[in-house]
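Asks: Have a look at this one before I ask anything.
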Amino acid sequence: MTSKKAEAAAAAQTLRVLVGRLRRQMMDATAVGGLTSAQASALARLAKLEPATASVLAGAERVRPQSMAATVAALEKLGLVRREDDPEDGRRQLIYFTPEGRAYGQGARASRHEWLARTLAERLSDDELAVVTEALALLGRVVEP
């Protein structure tokens with residue numbers, strides 16, 4: 001492996017680990033209402049995919065369908081989501097936010113944003129924050145087509 005490829009592989013591994021840790025910390029830091037991190041994550045995913053089946057959510061969250069079914073059942077019991085039969089396939093159910101679930105999701109999203117902005121401002125110097133901003137621009141080039 002060339003030096004650049006080895007460096008890129010190491011950077012990719014580090015970035016993957018850091019993004020996972022950041023995501024978990026954001027979810028933990030903004031958890032309210034007694035939701036588990038799996039429940040909060042499922043709500044965040046539903047906000048992007050609504051309506052979705054439990055199977056689609058499970059795939060997006062990389063968990064077993066049985067685990068997502070249990071998570072969705074708990075969210076339904078809490079009144080945050082509802083299920084409806086899929087009009088195109090009666091064997092499937094589509095999951096939607098309830099008004100309470102949508103409000104919770106919007107509040108959680110705002111809380112995560114505020115937590116991250118506050119944490120960056122508190123833990124990084126002005127120069128370090130500038131480096132992070134530059135790195136984000138470079139990462140943007142990686143993910144843009």
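Simple scheme: letters A, B, ... for chains in structure tokens order, numbers from 1 for residues in each chain, numbers from 1 for ligands in the order shown.
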Please provide as a PyMOL selection string all residues within 12 Å of A:Ala74, with the sequence filter that same-chain residues fewer than 5 positions apart are discarded (counting only C-alpha atoms).
Replies: chain A and resi 34-36+38-40+42-43+67-69+79-82
Asks: Return as a ChimeraX atom specification the full set of residues in stretch 25-127 of chain A whose backbone-based DSSP assignment is strand (DSSP E or B).
Replies: /A:52,81-86,89-97
Asks: So that I can check the surroundings of A:Ala29, please list as a list of chain:residue names every protein, DNA and RNA residue that reaches within 10 Å of it, counting only C-alpha atoms and ignoring chain neighbours fewer than 4 positions away.
Replies: A:Arg23, A:Arg24, A:Gln25, A:Ser111, A:Arg112, A:Trp115, A:Leu116
Asks: Between atom CA of A:Asp89 and atom CA of A:Gly59, what is the distance, to one decimal in Å?
Replies: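 Result for atom CA of A:Asp89 versus atom CA of A:Gly59: 19.0 Å, one decimal.
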Asks: Work out how far atom CA of A:Ala70 is from atom CA of A:Ser55, in Å to one decimal.
Replies: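 Separating atom CA of A:Ser55 from atom CA of A:Ala70 is a distance of 11.7 Å.
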Asks: Using only C-alpha atoms, determine which residues lie at most 9 Å from A:Leu57, disregarding the query and same-chain residues fewer than 5 positions distant; provide the list as a VMD selection string.
Replies: chain A and resid 42 45 to 46 49 52 62 to 63 65 68
Asks: How far is it from atom CA of A:Pro51 to atom CA of A:Ser37, in Å with one decimal?
Replies: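 According to the coordinates, atom CA of A:Pro51 and atom CA of A:Ser37 are separated by 20.7 Å.
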Asks: Would you mind listing what lies within 8 Å of A:Thr53 as a ChimeraX atom specification, with only C-alpha atoms counted and same-chain residues fewer than 5 positions away left out?
Replies: /A:92-95
Asks: So that I can see what lies close to stretch 105-110 of chain A, please list as a list in words the residues with an atom at most 7 Å from it, counting only C-alpha atoms and leaving out residues fewer than 3 positions away in the same chain.
Replies: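 Here the answer would be Thr30, Leu43, Ala44, Gly101, Arg102, His113 and Glu114 of chain A.
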Asks: Restrict the selected residues to all heavy atoms and save them as an mmCIF file, in the first residue's frame.
Replies:
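Produced file selection-v4.cif, reproduced below:
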data_model
loop_
_atom_site.group_PDB
_atom_site.id
_atom_site.type_symbol
_atom_site.label_atom_id
_atom_site.label_comp_id
_atom_site.auth_asym_id
_atom_site.auth_seq_id
_atom_site.Cartn_x
_atom_site.Cartn_y
_atom_site.Cartn_z
ATOM 1 N N THR A 30 -28.280 15.103 24.848
ATOM 2 C CA THR A 30 -29.559 15.775 24.621
ATOM 3 C C THR A 30 -30.748 14.869 24.889
ATOM 4 O O THR A 30 -31.873 15.222 24.555
ATOM 5 C CB THR A 30 -29.630 16.319 23.180
ATOM 6 O OG1 THR A 30 -29.503 15.228 22.271
ATOM 7 C CG2 THR A 30 -28.547 17.340 22.923
ATOM 8 N N LEU A 43 -36.074 7.900 16.296
ATOM 9 C CA LEU A 43 -36.869 9.098 16.002
ATOM 10 C C LEU A 43 -36.119 10.021 15.047
ATOM 11 O O LEU A 43 -36.714 10.568 14.115
ATOM 12 C CB LEU A 43 -37.208 9.844 17.287
ATOM 13 C CG LEU A 43 -38.331 9.276 18.140
ATOM 14 C CD1 LEU A 43 -38.539 10.139 19.381
ATOM 15 C CD2 LEU A 43 -39.630 9.169 17.363
ATOM 16 N N ALA A 44 -34.827 10.189 15.279
ATOM 17 C CA ALA A 44 -34.030 11.041 14.395
ATOM 18 C C ALA A 44 -34.019 10.476 12.974
ATOM 19 O O ALA A 44 -34.117 11.218 11.991
ATOM 20 C CB ALA A 44 -32.605 11.173 14.933
ATOM 21 N N GLY A 101 -44.590 13.386 18.902
ATOM 22 C CA GLY A 101 -43.312 12.854 18.443
ATOM 23 C C GLY A 101 -42.565 13.845 17.569
ATOM 24 O O GLY A 101 -41.346 13.993 17.674
ATOM 25 N N ARG A 102 -43.302 14.538 16.695
ATOM 26 C CA ARG A 102 -42.671 15.537 15.821
ATOM 27 C C ARG A 102 -42.106 16.679 16.664
ATOM 28 O O ARG A 102 -40.974 17.125 16.444
ATOM 29 C CB ARG A 102 -43.670 16.077 14.801
ATOM 30 C CG ARG A 102 -43.003 16.938 13.758
ATOM 31 C CD ARG A 102 -43.919 17.265 12.591
ATOM 32 N NE ARG A 102 -44.578 16.120 11.998
ATOM 33 C CZ ARG A 102 -44.010 15.219 11.211
ATOM 34 N NH1 ARG A 102 -42.733 15.321 10.920
ATOM 35 N NH2 ARG A 102 -44.701 14.223 10.706
ATOM 36 N N HIS A 113 -27.914 20.536 18.249
ATOM 37 C CA HIS A 113 -27.192 21.625 17.594
ATOM 38 C C HIS A 113 -26.603 22.573 18.636
ATOM 39 O O HIS A 113 -25.422 22.936 18.566
ATOM 40 C CB HIS A 113 -28.120 22.384 16.639
ATOM 41 C CG HIS A 113 -27.468 23.561 16.004
ATOM 42 N ND1 HIS A 113 -26.663 23.462 14.903
ATOM 43 C CD2 HIS A 113 -27.467 24.869 16.350
ATOM 44 C CE1 HIS A 113 -26.213 24.657 14.572
ATOM 45 N NE2 HIS A 113 -26.682 25.528 15.444
ATOM 46 N N GLU A 114 -27.412 22.952 19.612
ATOM 47 C CA GLU A 114 -26.945 23.863 20.660
ATOM 48 C C GLU A 114 -25.815 23.228 21.474
ATOM 49 O O GLU A 114 -24.826 23.891 21.794
ATOM 50 C CB GLU A 114 -28.105 24.249 21.574
ATOM 51 C CG GLU A 114 -29.111 25.153 20.902
ATOM 52 C CD GLU A 114 -30.403 25.298 21.703
ATOM 53 O OE1 GLU A 114 -30.442 24.884 22.881
ATOM 54 O OE2 GLU A 114 -31.369 25.819 21.126
#
Asks: Running DSSP on the backbone, which parts of stretch 23-128 of chain A land in helix (DSSP H, G or I), as number ranges by chain?
Replies: A: 23-29, 37-49, 54-61, 65-77, 99-123, 126-128
Asks: For A:Tyr96, which residue out of A:Ala47, A:Val132, A:Leu78, A:Val17 is the nearest one, using only C-alpha atoms?
Replies: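 Checking each of A:Ala47, A:Val132, A:Leu78, A:Val17 against A:Tyr96, counting only C-alpha atoms, the winner is A:Ala47.
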Asks: Name the closest residue to A:Phe97 among the candidates A:Glu76, A:Asp85, A:Glu134, A:Asp126; distances are taken between atoms, counting only C-alpha atoms.
Replies: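 The shortest atom-to-atom distance to A:Phe97 comes from A:Glu76.
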